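> Provided herewith is a single structure, encoded as structure tokens, for subsequent inquiry.
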Amino acid sequence: MSVYYMNSEGETIIYSPLEDGKDFFIEDQWGEKYHFKILSFECPSGLLSTSIQVIEKNSMNEPRIYEVLSDFDEDVEKAELLLKAKIKKNINRKHLIIDDGKAEFYDEHLLRGRIEGANSFPVSTKDKIFVVDGKRITIEQFINLIQPCEGFNFKFEIIDPSDDID
């Protein structure tokens with residue numbers, strides 16, 4: 001994963017947390033260990049601190065990605081502490097149980113995650129997947145997940161990656 005943006009001179013700037021980031025190791029409340037790479041840099045909106053989980057190639061998982069956007073004058077160490085707190089908060093949440101390709105809600109009827117392209121995941125008939133708890137969820141699995149909730153109300157909200165999901 002690389003982060004791209006265009007500077008004021010029209011040049012494309014590329015940052016790669018996996019290549020240039022600092023190692024960050026953390027363990028969740030269930031004893032699972034995670035390895036992230038963290039990188040902070042200035043972008044047109046301020047200081048962006050971004051992280052990506054280091055996972056094995058050909059893994060059935062997707063890397064967890066977290067970001068924090070701070071003011072231009074923010075101390076990098078403080079910004080990265082905020083990012084680490086965001087990582088800790090989110091790895092200690094579970095949303096799904098996946099058993100034999102079937103997804104079920106872990107506890108509440110609540111999902112937090114991100115929307116990704118399915119280019120490298122051809123199991124879906126659509127070109128998008130959800131990434132929840134570091135797991136790929138196809139549109140078809142998502143429909144099967146919510147099928148028992150027919151008749152319920154819902155709230156679907158799209159949130160910028162640098163914002164916190166409550």
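Letters A, B, ... go to the chains of the structure tokens in the order shown; residues in each chain start at 1; ligands are counted from 1 in the same order.
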Considering only C-alpha atoms, return as a tab-separated table (two decimals) with C-alpha atoms, in the first residue's frame whatever protein or nucleic-acid residues lie within 10 Å of segment 29-44 of chain A, sequence-local ones (same chain, fewer than 3 positions apart) excluded.

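Saved the output as result19.tsv:
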```
chain	number	residue	atom	x	y	z
A	3	VAL	CA	-0.15	6.84	-0.28
A	4	TYR	CA	-0.26	9.21	-3.26
A	5	TYR	CA	-0.99	12.92	-3.40
A	6	MET	CA	-0.20	15.86	-5.65
A	7	ASN	CA	1.78	18.75	-4.18
A	8	SER	CA	1.28	22.44	-5.02
A	13	ILE	CA	4.39	12.38	-4.11
A	15	TYR	CA	4.90	7.42	0.48
A	16	SER	CA	5.13	3.72	1.30
A	17	PRO	CA	4.58	2.82	4.96
A	18	LEU	CA	5.56	-0.82	4.29
A	19	GLU	CA	8.94	0.21	2.89
A	20	ASP	CA	9.71	3.36	4.88
A	21	GLY	CA	7.65	2.97	8.06
A	22	LYS	CA	8.79	2.24	11.59
A	23	ASP	CA	7.95	-1.12	13.13
A	24	PHE	CA	5.21	-1.21	15.77
A	25	PHE	CA	4.31	-4.46	17.54
A	26	ILE	CA	1.18	-4.82	19.65
A	47	LEU	CA	0.41	15.83	9.07
A	48	LEU	CA	-0.81	12.36	8.09
A	49	SER	CA	0.23	9.44	10.27
A	50	THR	CA	-0.63	6.17	8.59
A	51	SER	CA	-0.15	2.54	9.49
A	52	ILE	CA	-0.50	-0.75	7.69
A	53	GLN	CA	-0.47	-4.21	9.19
A	54	VAL	CA	2.32	-6.46	7.96
A	55	ILE	CA	0.81	-9.77	6.86
A	63	PRO	CA	-3.97	-5.72	6.21
A	64	ARG	CA	-5.60	-3.45	8.73
A	65	ILE	CA	-4.98	0.18	7.81
A	66	TYR	CA	-5.37	3.13	10.18
A	67	GLU	CA	-4.72	6.86	9.76
A	68	VAL	CA	-4.69	10.00	11.88
A	69	LEU	CA	-4.68	13.47	10.34
A	70	SER	CA	-3.19	16.20	12.54
A	71	ASP	CA	-2.48	19.90	12.13
A	72	PHE	CA	0.69	20.90	10.27
A	73	ASP	CA	2.37	22.03	13.51
A	76	VAL	CA	5.16	13.80	15.07
A	77	GLU	CA	5.58	11.73	18.24
A	79	ALA	CA	0.53	12.22	16.25
A	80	GLU	CA	1.97	8.71	16.19
A	83	LEU	CA	-2.32	6.57	15.81
A	84	LYS	CA	-1.07	3.80	18.12
A	87	ILE	CA	-4.72	0.83	16.45
A	88	LYS	CA	-5.03	-0.53	19.99
A	91	ILE	CA	-7.65	-4.45	17.26
A	92	ASN	CA	-9.48	-4.99	20.55
A	93	ARG	CA	-12.85	-5.00	18.76
```
> DSSP on the backbone: which residues in chain A end up as strand (DSSP E or B)? Give the answer as a PyMOL selection string.
chain A and resi 3-6+12-15+22-27+33-43+46-53+61+65-70+96-99+102-105+114-117+128-132+135-138
